[in-house]
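First up is the structure itself, then whatever we jot down about it.
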Amino acid sequence: MLALAALSFFAGPSLAENDVKIEWVAHSFFRITSPDGTVILTNPWYANRDSSITLEDIPAADIILVPAGHGDEVGNTLEIAAKTGATIFASHEVINQQWKEAGAGFRTPVKFEGTELKTRAVQPGSEFTVDGVTIRAVNAVHGNGRTGGPAMGFMITMENGYTLYFSGSTDITLDMKLWGEMFQPDVALLAYAPAQRAADVALMAKFLTEGNPNLTTVFAHHNRLNADAGDRPSDLAAAMTEAGLSATLIDAKPGTVYSLAK
């Protein structure tokens with residue numbers, strides 16, 4: 001079930017109480033709000049060229065997911081975490097090699113302009129629960145910037161069991177068949193960059209239905225707001241139909257809140 005509400009990005013929508021709310025800022029920056037109000041940000045790069053928000057428009061966050069060390073995935077993570085007190089989930093390498101001075105120990109906190117940040121070093125297979133929301137890191141076929149180490153995606157399971165898969169910037173991988181069976185995601189946020197074929201991304205969604213009847217909704221990310229022909233969400237929707245998928249592709253618009261439930 002999916003309902004839409006044309007509300008401002010951080011308006012605090014009053015929709016169905018047990019629903020999961022998801023908002024796309026642009027690029028691969030989503031704000032996801034759990035039924036109990038936990039706020040999760042992915043790739044929070046509000047300075048991307050299709051975004052119209054600033055730091056002032058982000059009053060709260062509890063969890064920030066950073067799947068790799070590239071600039072568009074780290075984005076504005078550190079300043080947002082300093083402002084909101086959010087816990088950052090990122091790889092050991094990003095936390096200890098990219099965000100700390102050379103020689104700093106593992107127990108040395110990450111700081112941004114004098115503020116100590118809360119971080120959780122994760123790798124594929126790591127699982128933590130914060131405020132009733134369970135975050136499970138899975139592998140991704142992608143680089144991790146200058147730090148090396150693993151790139152990741154994340155399975156996000158809400159207090160009510162509703163599960164979202166945020167792919168990070170991954171290419172297609174047969175592991176997605178296993179994840180569909182293991183985690184039974186209800187919605188998938190899949191990388192659909194200009195260099196990626198719509199048919200490949202549709203196959204990601206198809207793999208996620210392997211042993212999983214729950215997948216009903218797909219969002220694209222890494223795509224431009226006004227993408228060229230061949231790189232648009234409508235092209236991905238057509239590829240999903242051709243692949244025989246019944247899941248709905250949401251052509252997300254910034255400023256719209258999407259309310260999701262089983």
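Residue numbering restarts at 1 in every chain; chains get A, B, ... in the order shown in the structure tokens, and ligands count up from 1 in that same order.
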Spatial neighbours of range 128-132 of chain A, 7 Å, only C-alpha atoms, chain gap at least 4 places, as a PDB file with all heavy atoms, in the first residue's frame:
```
ATOM      1  N   THR A  38      11.850   7.357  14.120  1.00  0.00           N
ATOM      2  CA  THR A  38      13.295   7.370  13.910  1.00  0.00           C
ATOM      3  C   THR A  38      13.594   7.856  12.491  1.00  0.00           C
ATOM      4  O   THR A  38      13.023   7.353  11.527  1.00  0.00           O
ATOM      5  CB  THR A  38      13.893   5.970  14.125  1.00  0.00           C
ATOM      6  OG1 THR A  38      13.649   5.572  15.480  1.00  0.00           O
ATOM      7  CG2 THR A  38      15.391   5.960  13.866  1.00  0.00           C
ATOM      8  N   ARG A 136      21.328  -3.683   8.758  1.00  0.00           N
ATOM      9  CA  ARG A 136      22.204  -4.792   8.364  1.00  0.00           C
ATOM     10  C   ARG A 136      22.986  -4.368   7.126  1.00  0.00           C
ATOM     11  O   ARG A 136      22.395  -4.008   6.106  1.00  0.00           O
ATOM     12  CB  ARG A 136      21.379  -6.040   8.076  1.00  0.00           C
ATOM     13  CG  ARG A 136      22.147  -7.206   7.427  1.00  0.00           C
ATOM     14  CD  ARG A 136      23.185  -7.807   8.351  1.00  0.00           C
ATOM     15  NE  ARG A 136      23.860  -8.946   7.733  1.00  0.00           N
ATOM     16  CZ  ARG A 136      23.527 -10.226   7.926  1.00  0.00           C
ATOM     17  NH1 ARG A 136      22.507 -10.529   8.728  1.00  0.00           N
ATOM     18  NH2 ARG A 136      24.181 -11.187   7.328  1.00  0.00           N
ATOM     19  N   MET A 158      12.247  -1.902  10.044  1.00  0.00           N
ATOM     20  CA  MET A 158      11.567  -1.021  10.990  1.00  0.00           C
ATOM     21  C   MET A 158      11.025  -1.791  12.189  1.00  0.00           C
ATOM     22  O   MET A 158      11.005  -3.018  12.219  1.00  0.00           O
ATOM     23  CB  MET A 158      10.425  -0.287  10.280  1.00  0.00           C
ATOM     24  CG  MET A 158      10.863   0.527   9.083  1.00  0.00           C
ATOM     25  SD  MET A 158      12.075   1.785   9.558  1.00  0.00           S
ATOM     26  CE  MET A 158      12.435   2.523   7.962  1.00  0.00           C
ATOM     27  N   GLU A 159      10.533  -1.037  13.164  1.00  0.00           N
ATOM     28  CA  GLU A 159       9.996  -1.631  14.384  1.00  0.00           C
ATOM     29  C   GLU A 159       8.853  -2.603  14.083  1.00  0.00           C
ATOM     30  O   GLU A 159       8.651  -3.579  14.803  1.00  0.00           O
ATOM     31  CB  GLU A 159       9.473  -0.538  15.326  1.00  0.00           C
ATOM     32  CG  GLU A 159      10.457   0.570  15.622  1.00  0.00           C
ATOM     33  CD  GLU A 159      10.318   1.760  14.674  1.00  0.00           C
ATOM     34  OE1 GLU A 159       9.760   1.594  13.562  1.00  0.00           O
ATOM     35  OE2 GLU A 159      10.778   2.852  15.034  1.00  0.00           O
TER      36      GLU A 159
END
```
Legend entry - Test item: residues at most 10 Å from Lys253 in chain A, only C-alpha atoms, excluding those fewer than 6 positions along its chain, as an NGL selection string: :A and (6 or 23-26 or 225)
Legend entry - Residues within 10 Å of Gly180 in chain A, only C-alpha atoms, excluding chain neighbours under 4 positions, as a list in words: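 Here the qualifying residues turn out to be Tyr165, Asp175, Met176, Gln184, Pro185, Asp186, Ala205, Lys206, Phe207, Leu208, Thr209, Glu210, Gly211, Asn212, Pro213, Asn214 and Leu215 of chain A.
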Legend entry - Between CA of Ser259 in chain A and CA of Ile22 in chain A - distance in Å to one decimal: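 About the pair CA of Ile22 in chain A and CA of Ser259 in chain A: they are 6.6 Å apart.
Non-sequential neighbours of range 235-245 of chain A (distance at most 9 Å, separation of 2 or more positions within a chain, only C-alpha atoms) are Tyr192, Arg197, Ala198, Ala199, Asp200, Val201, Ala202, Leu203, Ala205, Lys206, Thr209, Ala220, Ala229, Gly230, Asp231, Arg232, Pro233, Ala247, Thr248, Leu249, Ile250 and Asp251 of chain A.
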Go ahead and save the picked residues with N, CA and C atoms, as a PDB file, in the first residue's frame.
```pdb
ATOM      1  N   TYR A 192      20.511   3.762 -10.051  1.00  0.00           N
ATOM      2  CA  TYR A 192      20.190   3.853 -11.480  1.00  0.00           C
ATOM      3  C   TYR A 192      20.898   5.085 -12.032  1.00  0.00           C
ATOM      4  N   ARG A 197      22.360   0.427 -17.214  1.00  0.00           N
ATOM      5  CA  ARG A 197      21.244   0.078 -18.090  1.00  0.00           C
ATOM      6  C   ARG A 197      19.989  -0.162 -17.268  1.00  0.00           C
ATOM      7  N   ALA A 198      18.875   0.331 -17.773  1.00  0.00           N
ATOM      8  CA  ALA A 198      17.600   0.113 -17.096  1.00  0.00           C
ATOM      9  C   ALA A 198      17.311  -1.380 -16.946  1.00  0.00           C
ATOM     10  N   ALA A 199      17.660  -2.170 -17.952  1.00  0.00           N
ATOM     11  CA  ALA A 199      17.401  -3.612 -17.890  1.00  0.00           C
ATOM     12  C   ALA A 199      18.174  -4.265 -16.748  1.00  0.00           C
ATOM     13  N   ASP A 200      19.383  -3.769 -16.466  1.00  0.00           N
ATOM     14  CA  ASP A 200      20.174  -4.327 -15.371  1.00  0.00           C
ATOM     15  C   ASP A 200      19.538  -4.004 -14.020  1.00  0.00           C
ATOM     16  N   VAL A 201      19.055  -2.775 -13.868  1.00  0.00           N
ATOM     17  CA  VAL A 201      18.437  -2.375 -12.602  1.00  0.00           C
ATOM     18  C   VAL A 201      17.118  -3.129 -12.406  1.00  0.00           C
ATOM     19  N   ALA A 202      16.383  -3.335 -13.489  1.00  0.00           N
ATOM     20  CA  ALA A 202      15.158  -4.140 -13.399  1.00  0.00           C
ATOM     21  C   ALA A 202      15.483  -5.558 -12.944  1.00  0.00           C
ATOM     22  N   LEU A 203      16.619  -6.080 -13.408  1.00  0.00           N
ATOM     23  CA  LEU A 203      17.014  -7.425 -12.997  1.00  0.00           C
ATOM     24  C   LEU A 203      17.394  -7.455 -11.516  1.00  0.00           C
ATOM     25  N   ALA A 205      15.846  -5.767  -9.228  1.00  0.00           N
ATOM     26  CA  ALA A 205      14.547  -5.890  -8.570  1.00  0.00           C
ATOM     27  C   ALA A 205      14.009  -7.314  -8.699  1.00  0.00           C
ATOM     28  N   LYS A 206      14.204  -7.914  -9.866  1.00  0.00           N
ATOM     29  CA  LYS A 206      13.720  -9.282 -10.065  1.00  0.00           C
ATOM     30  C   LYS A 206      14.446 -10.256  -9.146  1.00  0.00           C
ATOM     31  N   THR A 209      13.088 -10.459  -5.697  1.00  0.00           N
ATOM     32  CA  THR A 209      11.814 -11.167  -5.509  1.00  0.00           C
ATOM     33  C   THR A 209      12.021 -12.672  -5.384  1.00  0.00           C
ATOM     34  N   ALA A 220      14.216   4.622  -7.684  1.00  0.00           N
ATOM     35  CA  ALA A 220      15.540   4.769  -8.279  1.00  0.00           C
ATOM     36  C   ALA A 220      16.308   5.846  -7.532  1.00  0.00           C
ATOM     37  N   ALA A 229      16.711  11.142 -21.998  1.00  0.00           N
ATOM     38  CA  ALA A 229      15.957   9.974 -22.447  1.00  0.00           C
ATOM     39  C   ALA A 229      16.845   8.738 -22.380  1.00  0.00           C
ATOM     40  N   GLY A 230      16.302   7.662 -21.871  1.00  0.00           N
ATOM     41  CA  GLY A 230      17.064   6.437 -21.661  1.00  0.00           C
ATOM     42  C   GLY A 230      17.560   6.277 -20.247  1.00  0.00           C
ATOM     43  N   ASP A 231      17.580   7.380 -19.487  1.00  0.00           N
ATOM     44  CA  ASP A 231      18.052   7.352 -18.104  1.00  0.00           C
ATOM     45  C   ASP A 231      16.967   7.785 -17.122  1.00  0.00           C
ATOM     46  N   ARG A 232      15.734   7.828 -17.566  1.00  0.00           N
ATOM     47  CA  ARG A 232      14.644   8.332 -16.741  1.00  0.00           C
ATOM     48  C   ARG A 232      13.946   7.205 -15.986  1.00  0.00           C
ATOM     49  N   PRO A 233      13.305   7.526 -14.850  1.00  0.00           N
ATOM     50  CA  PRO A 233      12.542   6.494 -14.150  1.00  0.00           C
ATOM     51  C   PRO A 233      11.515   5.794 -15.036  1.00  0.00           C
ATOM     52  N   ALA A 247       6.027  -5.194  -9.238  1.00  0.00           N
ATOM     53  CA  ALA A 247       6.344  -4.093  -8.325  1.00  0.00           C
ATOM     54  C   ALA A 247       6.184  -2.755  -9.037  1.00  0.00           C
ATOM     55  N   THR A 248       5.819  -1.735  -8.271  1.00  0.00           N
ATOM     56  CA  THR A 248       5.604  -0.392  -8.805  1.00  0.00           C
ATOM     57  C   THR A 248       6.882   0.431  -8.702  1.00  0.00           C
ATOM     58  N   LEU A 249       7.266   1.074  -9.803  1.00  0.00           N
ATOM     59  CA  LEU A 249       8.386   2.005  -9.791  1.00  0.00           C
ATOM     60  C   LEU A 249       7.833   3.388  -9.487  1.00  0.00           C
ATOM     61  N   ILE A 250       8.310   3.999  -8.400  1.00  0.00           N
ATOM     62  CA  ILE A 250       7.875   5.335  -8.018  1.00  0.00           C
ATOM     63  C   ILE A 250       8.797   6.366  -8.668  1.00  0.00           C
ATOM     64  N   ASP A 251       8.231   7.225  -9.484  1.00  0.00           N
ATOM     65  CA  ASP A 251       8.979   8.334 -10.081  1.00  0.00           C
ATOM     66  C   ASP A 251       8.986   9.460  -9.054  1.00  0.00           C
TER      67      ASP A 251
END
```
For Ser126 in chain A, list every protein, DNA or RNA residue within 9 Å, evaluated using only C-alpha atoms, and leave out those in the same chain fewer than 6 positions away; present the list as a CSV table (one decimal) with C-alpha atoms, in the first residue's frame.
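File produced: selection_11.csv:
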```csv
chain,number,residue,atom,x,y,z
A,135,ILE,CA,20.5,-1.9,10.2
A,136,ARG,CA,22.2,-4.8,8.4
A,137,ALA,CA,25.1,-4.1,6.1
A,138,VAL,CA,25.5,-6.1,2.9
```
Inset, instruction - Run DSSP on the backbone and give me the residues of range 73-102 of chain A it puts in strand (DSSP E or B), as a list in words. - result: Thr87, Ile88, Phe89, Ala90 and Ser91 of chain A
Convert the current residue selection to file output with all heavy atoms, as an mmCIF file, in the first residue's frame.
```
data_model
loop_
_atom_site.group_PDB
_atom_site.id
_atom_site.type_symbol
_atom_site.label_atom_id
_atom_site.label_comp_id
_atom_site.auth_asym_id
_atom_site.auth_seq_id
_atom_site.Cartn_x
_atom_site.Cartn_y
_atom_site.Cartn_z
ATOM 1 N N THR A 87 23.785 8.974 14.659
ATOM 2 C CA THR A 87 24.824 7.954 14.594
ATOM 3 C C THR A 87 25.108 7.638 13.138
ATOM 4 O O THR A 87 24.188 7.337 12.374
ATOM 5 C CB THR A 87 24.398 6.675 15.328
ATOM 6 O OG1 THR A 87 24.161 6.977 16.700
ATOM 7 C CG2 THR A 87 25.467 5.604 15.221
ATOM 8 N N ILE A 88 26.385 7.711 12.759
ATOM 9 C CA ILE A 88 26.798 7.443 11.385
ATOM 10 C C ILE A 88 27.208 5.980 11.260
ATOM 11 O O ILE A 88 28.037 5.489 12.024
ATOM 12 C CB ILE A 88 27.991 8.325 10.983
ATOM 13 C CG1 ILE A 88 27.680 9.805 11.195
ATOM 14 C CG2 ILE A 88 28.390 8.050 9.535
ATOM 15 C CD1 ILE A 88 28.917 10.693 11.095
ATOM 16 N N PHE A 89 26.654 5.286 10.279
ATOM 17 C CA PHE A 89 27.074 3.940 9.927
ATOM 18 C C PHE A 89 27.926 4.036 8.668
ATOM 19 O O PHE A 89 27.456 4.470 7.621
ATOM 20 C CB PHE A 89 25.862 3.046 9.653
ATOM 21 C CG PHE A 89 25.118 2.615 10.878
ATOM 22 C CD1 PHE A 89 24.331 3.508 11.592
ATOM 23 C CD2 PHE A 89 25.187 1.299 11.321
ATOM 24 C CE1 PHE A 89 23.639 3.108 12.717
ATOM 25 C CE2 PHE A 89 24.501 0.896 12.455
ATOM 26 C CZ PHE A 89 23.725 1.798 13.156
ATOM 27 N N ALA A 90 29.184 3.639 8.765
ATOM 28 C CA ALA A 90 30.106 3.688 7.633
ATOM 29 C C ALA A 90 31.174 2.621 7.842
ATOM 30 O O ALA A 90 31.288 2.035 8.923
ATOM 31 C CB ALA A 90 30.740 5.075 7.507
ATOM 32 N N SER A 91 31.956 2.378 6.809
ATOM 33 C CA SER A 91 32.999 1.347 6.926
ATOM 34 C C SER A 91 34.103 1.788 7.879
ATOM 35 O O SER A 91 34.329 2.981 8.105
ATOM 36 C CB SER A 91 33.587 1.038 5.550
ATOM 37 O OG SER A 91 34.393 2.113 5.095
#
```
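Neighbours of Ala81 in chain A closer than or equal to 9 Å, with only C-alpha atoms counted and sequence neighbours fewer than 5 positions away skipped, come out as Ala61, Asp62, Ile63, Ile64, Asn76, Ala86, Thr87, Ile88, Phe112, Leu117 and Lys118 of chain A.
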Legend entry - For CA of Ser169 in chain A and CA of His221 in chain A, the interatomic separation in Å (one decimal): 8.7 Å
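The residue that comes closest to Gln196 in chain A, out of A:Leu260, A:Leu65, A:Ile172, A:Val74 and on the basis of only C-alpha atoms, is A:Ile172.
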Inset, instruction - Write down as a PyMOL selection string the residues belonging to range 8-253 of chain A that are assigned helix (DSSP H, G or I) by DSSP computed on the backbone. - result: chain A and resi 55-57+71-74+77-84+92-98+175-183+198-208+233-242
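Between Trp45 in chain A and the residues A:Ala68, A:Val94, A:Ala151, A:Ile80, the shortest atom-to-atom distance, using only C-alpha atoms, involves A:Ile80.
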Legend entry - A:Ala188, A:Ala227, A:Leu164, A:Ala60 ranked by distance to Val133 in chain A, top pick (using only C-alpha atoms): A:Leu164
Inset, instruction - Figure out the distance between CA of Lys21 in chain A and CA of Tyr258 in chain A, please, to one decimal in Å. - result: 5.6 Å
